[in-house]
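Participant: Input: one structure, supplied below.
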Amino acid sequence: MIDNYITIGEINRYLKDLFDNDRNLQEVYLKGEISNFKAHTRGHFYFTLKDDTSRINAVMFSYRASSLKFVPSDGMKVLVKGKVSVYEATGAYQIYVDEMQEDGIGNLYIEFEKLKKKLAAEGLFDKDKKKRIPKVPRRIGIVTASTGAAIRDILTTIKRRFPICETILFPSLVQGTEAAKDIVRNIEIANTYDIDTLIVGRGGGSIEDLWPFNEEIVARAIYNSKVPVISAVGHEIDFTIADFVADLRAPTPTAAAELAVPDMETIKTYLDNVRSRSTISINSCIDTRRQNLSSLVNSYILKKPTAMYEIKEQNLDFLIDRLNKEMTLVIENMRIRLFKVSNSYVLTNPDILYKFKKQGLEHLINKLEVLNPMNTLKRGYAIVKSSSGVVSNIGDVKVDDIVNISVKNGIINAKVLEVNDGKE
């Protein structure tokens, strides 16, 4: 009967009442590993708590989360206390966490950090080894699953932004134990194609789902790729080893497509602006040249070219007049000087100059006669010289020295027998 049917809301509410009235579920202590952690902007924490065999959704509201002494993250092992109930909107049961404390770090997280440290030490993350992503690609390769939101988002975005770009899909496993090898194989195949950029990635998921992109073989395949690689793994908060080793990391597959190709509308707008600026610049140059030409055509010189010649003629006349004036002045000065010289007292009375010179000569002769040492010798004086020079002092000679005595008519050589200073 139709009266036996109930609504989904009624069954979910019934189940919620069962959970809420079960004392065993009002205070539950669980331990497990955090996965798919998300911190809401309002301060609430949403995550999955899992162990080796099972998982349960968990929520910790902001008034509880604000008291934590640490920041939860994927891979972290924790101990939680809370109650288990049903979320009526989805019918899923979950644990509402009141308290949480650390219980170590998950094995996957330890492996992640170990590999990250190893590859960083080898230089696989170095910025100077990153290849440049082409700004205007002709062909883009995509390594991801052939179905799912990731490939749809990438293809839709590329077609919307840059429809002239060709895309080649290299369908690959992106989850599971064989995914890492399949990703590597498709990266190597993509490198045999003539492509400009390679997008490698998948949509969001748990740390286990994304783990193939944390495998060492995938990291080395991306690093060794000759084609620049954009990683597009998970959501914005997800980070994998592939993100660190890729030439460029995109927070989502959609963002990877946006980074891989330019926006056609933006290019059109840019080209329109360039064309507009070029037209304005060319017109401005033409106007400037036209004004210059008009100025030259209407210039006084071109209309009356003889005017420039007339100015030169006038300047030449001025220079000739100045030159004549200067030459006349120089000739007049020379004429005056010649007149002064020709009418000087010396030229008109040359005997006077001769007499003056004769008197000067006689005066010099008389002075020389006075200074002539021979005249002194004529008066009975003599000049005595030893080997060291003229003897002017008794100390200049000593006994047995040979001296030369010059008199007016010769030289006498003598030997000093005695030196007397005249004091005895």
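Order determines the names: the first chain of the structure tokens is A, the second B, and so forth; residues in each chain are numbered 1 upward, and ligands are numbered 1 upward as they are shown.
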Quick one: everything within 9 Å of Ile222 (chain A), counting only C-alpha atoms, minus sequence neighbours fewer than 5 positions away in the same chain. Send it as JSON, numbers by chain.
Facilitator: {"A": [184, 187, 200, 217, 227, 228, 229, 242, 245, 246, 247]}
Participant: Find the spatial neighbours of region 259-267 of chain A, counting only C-alpha atoms, within a cut-off of 9 Å - ignore same-chain residues fewer than 6 positions away - and output them as a list in words.
Facilitator: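 Here the qualifying residues turn out to be Ile133, Pro134, Lys135, Val136, Pro137, Ile140, Ile158, Arg160, Arg161, Phe162, Pro163, Cys165, Thr197, Leu198, Ile199, Ile230, Leu248 and Ala250 of chain A.
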Participant: With N, CA and C atoms retained, write the just-selected residues as a CSV table (one decimal), in the first residue's frame.
Facilitator:
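What follows is the written file again.csv:
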chain,number,residue,atom,x,y,z
A,133,ILE,N,57.8,27.2,-20.3
A,133,ILE,CA,56.6,26.8,-20.9
A,133,ILE,C,56.3,27.8,-22.1
A,134,PRO,N,56.1,27.3,-23.3
A,134,PRO,CA,55.8,28.2,-24.5
A,134,PRO,C,54.6,29.0,-24.2
A,135,LYS,N,54.6,30.2,-24.6
A,135,LYS,CA,53.5,31.1,-24.4
A,135,LYS,C,52.4,30.9,-25.4
A,136,VAL,N,52.7,30.5,-26.7
A,136,VAL,CA,51.7,30.2,-27.7
A,136,VAL,C,52.0,28.9,-28.3
A,137,PRO,N,51.5,27.8,-27.7
A,137,PRO,CA,51.8,26.4,-28.2
A,137,PRO,C,50.9,26.1,-29.4
A,140,ILE,N,49.4,20.5,-27.7
A,140,ILE,CA,49.6,20.2,-26.2
A,140,ILE,C,49.2,18.7,-26.0
A,158,ILE,N,40.9,24.7,-22.7
A,158,ILE,CA,41.8,25.0,-23.9
A,158,ILE,C,41.0,25.4,-25.1
A,160,ARG,N,38.1,26.8,-25.1
A,160,ARG,CA,37.5,28.1,-24.8
A,160,ARG,C,38.5,29.2,-24.9
A,161,ARG,N,39.7,29.0,-24.4
A,161,ARG,CA,40.7,30.0,-24.4
A,161,ARG,C,41.5,30.2,-25.7
A,162,PHE,N,41.9,29.0,-26.3
A,162,PHE,CA,42.7,29.0,-27.5
A,162,PHE,C,42.4,27.9,-28.4
A,163,PRO,N,41.2,28.0,-29.1
A,163,PRO,CA,40.7,26.9,-29.9
A,163,PRO,C,41.6,26.5,-31.0
A,165,CYS,N,44.6,25.7,-30.8
A,165,CYS,CA,45.7,24.8,-30.3
A,165,CYS,C,45.2,23.3,-30.4
A,197,THR,N,54.0,21.4,-25.1
A,197,THR,CA,53.8,21.3,-23.7
A,197,THR,C,53.1,20.0,-23.4
A,198,LEU,N,53.4,19.5,-22.2
A,198,LEU,CA,52.7,18.2,-21.7
A,198,LEU,C,52.1,18.5,-20.3
A,199,ILE,N,50.8,18.2,-20.2
A,199,ILE,CA,50.1,18.3,-19.0
A,199,ILE,C,49.9,16.9,-18.4
A,230,ILE,N,53.7,20.5,-17.2
A,230,ILE,CA,52.9,21.2,-16.2
A,230,ILE,C,52.2,20.1,-15.4
A,248,LEU,N,56.4,23.4,-14.2
A,248,LEU,CA,55.4,24.3,-13.6
A,248,LEU,C,54.3,23.6,-12.9
A,250,ALA,N,50.4,23.5,-11.5
A,250,ALA,CA,49.1,24.1,-11.5
A,250,ALA,C,48.3,23.5,-10.3
Participant: Region 84-144 of chain A: which residues are strand (DSSP E) by DSSP, as a list in words?
Facilitator: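 Across region 84-144 of chain A, those assigned strand (DSSP E) are Val84, Ser85, Val86, Tyr87, Ala92, Tyr93, Gln94, Ile95, Tyr96, Val97, Asp98, Glu99, Met100, Gln101, Glu102, Asp103, Gly104, Ile105, Arg139, Ile140, Gly141, Ile142, Val143 and Thr144 of chain A.
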Participant: Please indicate the distance in Å from CA of Ile412 (chain A) to CA of Gly389 (chain A), rounded to one decimal place.
Facilitator: 15.5 Å
Participant: Could you give me, as a PDB file with C-alpha atoms, in the first residue's frame, the residues within 12 Å of region 120-125 of chain A, counting only C-alpha atoms and dropping anything in the same chain fewer than 2 positions from it?
Facilitator:
ATOM      1  CA  GLU A 113      59.026  13.233   2.918  1.00  0.00           C
ATOM      2  CA  LYS A 114      61.847  10.732   2.457  1.00  0.00           C
ATOM      3  CA  LEU A 115      61.549  10.760  -1.350  1.00  0.00           C
ATOM      4  CA  LYS A 116      61.108  14.521  -1.415  1.00  0.00           C
ATOM      5  CA  LYS A 117      64.325  15.011   0.539  1.00  0.00           C
ATOM      6  CA  LYS A 118      66.217  12.538  -1.685  1.00  0.00           C
ATOM      7  CA  LYS A 127      64.587  26.240 -10.405  1.00  0.00           C
ATOM      8  CA  ASP A 128      67.459  26.751 -12.834  1.00  0.00           C
ATOM      9  CA  LYS A 129      66.680  23.356 -14.382  1.00  0.00           C
ATOM     10  CA  LYS A 130      63.039  24.179 -15.079  1.00  0.00           C
ATOM     11  CA  LYS A 131      62.134  24.413 -18.781  1.00  0.00           C
ATOM     12  CA  GLU A 216      59.988   8.016  -7.796  1.00  0.00           C
ATOM     13  CA  ALA A 219      59.182  12.000 -10.783  1.00  0.00           C
ATOM     14  CA  ARG A 220      62.203  10.936 -12.849  1.00  0.00           C
ATOM     15  CA  ALA A 221      60.116  10.539 -15.996  1.00  0.00           C
ATOM     16  CA  ILE A 222      58.842  14.124 -15.606  1.00  0.00           C
ATOM     17  CA  TYR A 223      62.360  15.397 -14.917  1.00  0.00           C
ATOM     18  CA  ASN A 224      63.803  13.599 -17.960  1.00  0.00           C
ATOM     19  CA  ILE A 241      56.304  14.924  -5.747  1.00  0.00           C
ATOM     20  CA  ALA A 242      55.273  15.485  -9.366  1.00  0.00           C
ATOM     21  CA  ASP A 243      54.425  19.115  -8.495  1.00  0.00           C
ATOM     22  CA  PHE A 244      57.937  19.760  -7.201  1.00  0.00           C
ATOM     23  CA  VAL A 245      59.781  18.179 -10.130  1.00  0.00           C
ATOM     24  CA  ALA A 246      57.547  19.544 -12.928  1.00  0.00           C
ATOM     25  CA  ASP A 247      58.558  22.659 -14.842  1.00  0.00           C
ATOM     26  CA  LEU A 248      55.373  24.348 -13.644  1.00  0.00           C
ATOM     27  CA  ARG A 249      52.816  23.374 -11.012  1.00  0.00           C
TER      28      ARG A 249
END
Participant: Mind the document's chain letters and residue numbers, and return as a PyMOL selection string the residues of region 47-216 of chain A that DSSP labels helix (DSSP H, G or I).
Facilitator: chain A and resi 62-65+107-122+127-129+149-161+179-190+211-214+216
Participant: What separation in Å, quoted to one decimal, exists between CA of Gly205 (chain A) and CA of Val143 (chain A)?
Facilitator: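 Interatomic distance here is 17.2 Å.
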Participant: Do you know which residues are at most 10 Å from Val71 (chain A) counting only C-alpha atoms, after dropping those on the same chain fewer than 3 positions away, and could you put them as an MDAnalysis selection string?
Facilitator: chainID A and resid 39 65 68 76 102
Participant: Next, write the just-selected residues to a file, as a PDB file, in the first residue's frame, keeping C-alpha atoms as the atom set.
Facilitator:
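Once written, selection_0.pdb looks like this:
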ATOM      1  CA  ALA A  39      40.077  23.460   6.660  1.00  0.00           C
ATOM      2  CA  ALA A  65      39.234  23.013  16.529  1.00  0.00           C
ATOM      3  CA  LEU A  68      44.134  22.342  19.102  1.00  0.00           C
ATOM      4  CA  MET A  76      49.016  12.411  10.281  1.00  0.00           C
ATOM      5  CA  GLU A 102      48.700  13.493  17.548  1.00  0.00           C
TER       6      GLU A 102
END
Participant: For Thr41 (chain A), which residue among A:Ser62, A:Pro212, A:Ile11, A:Ala382 is the nearest when counting only C-alpha atoms?
Facilitator: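 When distances to Thr41 (chain A) are compared using only C-alpha atoms, the smallest one comes from A:Ser62.
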Participant: Which residues are close to Asp98 (chain A), i.e. within 6 Å by only C-alpha atoms, leaving aside same-chain residues fewer than 4 positions away? Reply as a ChimeraX atom specification.
Facilitator: /A:64,81-82
Participant: For a test of reading the model, state the distance in Å between CA of Ser406 (chain A) and CA of Asn366 (chain A), rounded to one decimal.
Facilitator: 23.6 Å
Participant: Please determine, counting only C-alpha atoms, which residue among A:Gly176, A:Gly91, A:Gly204, A:Gly32 has the shortest atom-to-atom distance to Phe19 (chain A).
Facilitator: A:Gly91
Participant: Residues at most 12 Å from Val391 (chain A), counting only C-alpha atoms, excluding those fewer than 6 positions away in the same chain, as a list in words?
Facilitator: Ala382, Ile383, Val384, Lys385, Val397, Lys398, Asp401, Ile402, Val403, Asn404, Ile405 and Ser406 of chain A
Participant: So that I have them on file, write out the residues from the current selection with C-alpha atoms, as a PDB file, in the first residue's frame.
Facilitator:
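Heads up, here's the output in out30.pdb:
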ATOM      1  CA  ALA A 382     154.734  89.410  -8.619  1.00  0.00           C
ATOM      2  CA  ILE A 383     152.228  86.529  -8.709  1.00  0.00           C
ATOM      3  CA  VAL A 384     153.239  83.409  -6.801  1.00  0.00           C
ATOM      4  CA  LYS A 385     151.671  80.040  -7.682  1.00  0.00           C
ATOM      5  CA  VAL A 397     152.885  76.659   1.013  1.00  0.00           C
ATOM      6  CA  LYS A 398     155.295  74.670   3.141  1.00  0.00           C
ATOM      7  CA  ASP A 401     157.491  73.338  -2.061  1.00  0.00           C
ATOM      8  CA  ILE A 402     158.311  74.469  -5.612  1.00  0.00           C
ATOM      9  CA  VAL A 403     156.630  77.746  -6.504  1.00  0.00           C
ATOM     10  CA  ASN A 404     156.404  79.820  -9.720  1.00  0.00           C
ATOM     11  CA  ILE A 405     156.942  83.566  -9.392  1.00  0.00           C
ATOM     12  CA  SER A 406     155.546  85.558 -12.299  1.00  0.00           C
TER      13      SER A 406
END
Participant: Between A:Val399, A:Val274, A:Leu49, A:Leu15, which residue has the minimum interatomic distance to Val419 (chain A), considering only C-alpha atoms?
Facilitator: A:Val399
Participant: Please determine, counting only C-alpha atoms, which residue among A:Ser344, A:Ser66, A:Thr90, A:Gln101 has the shortest atom-to-atom distance to Lys31 (chain A).
Facilitator: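 Closest to Lys31 (chain A), using only C-alpha atoms: A:Gln101.
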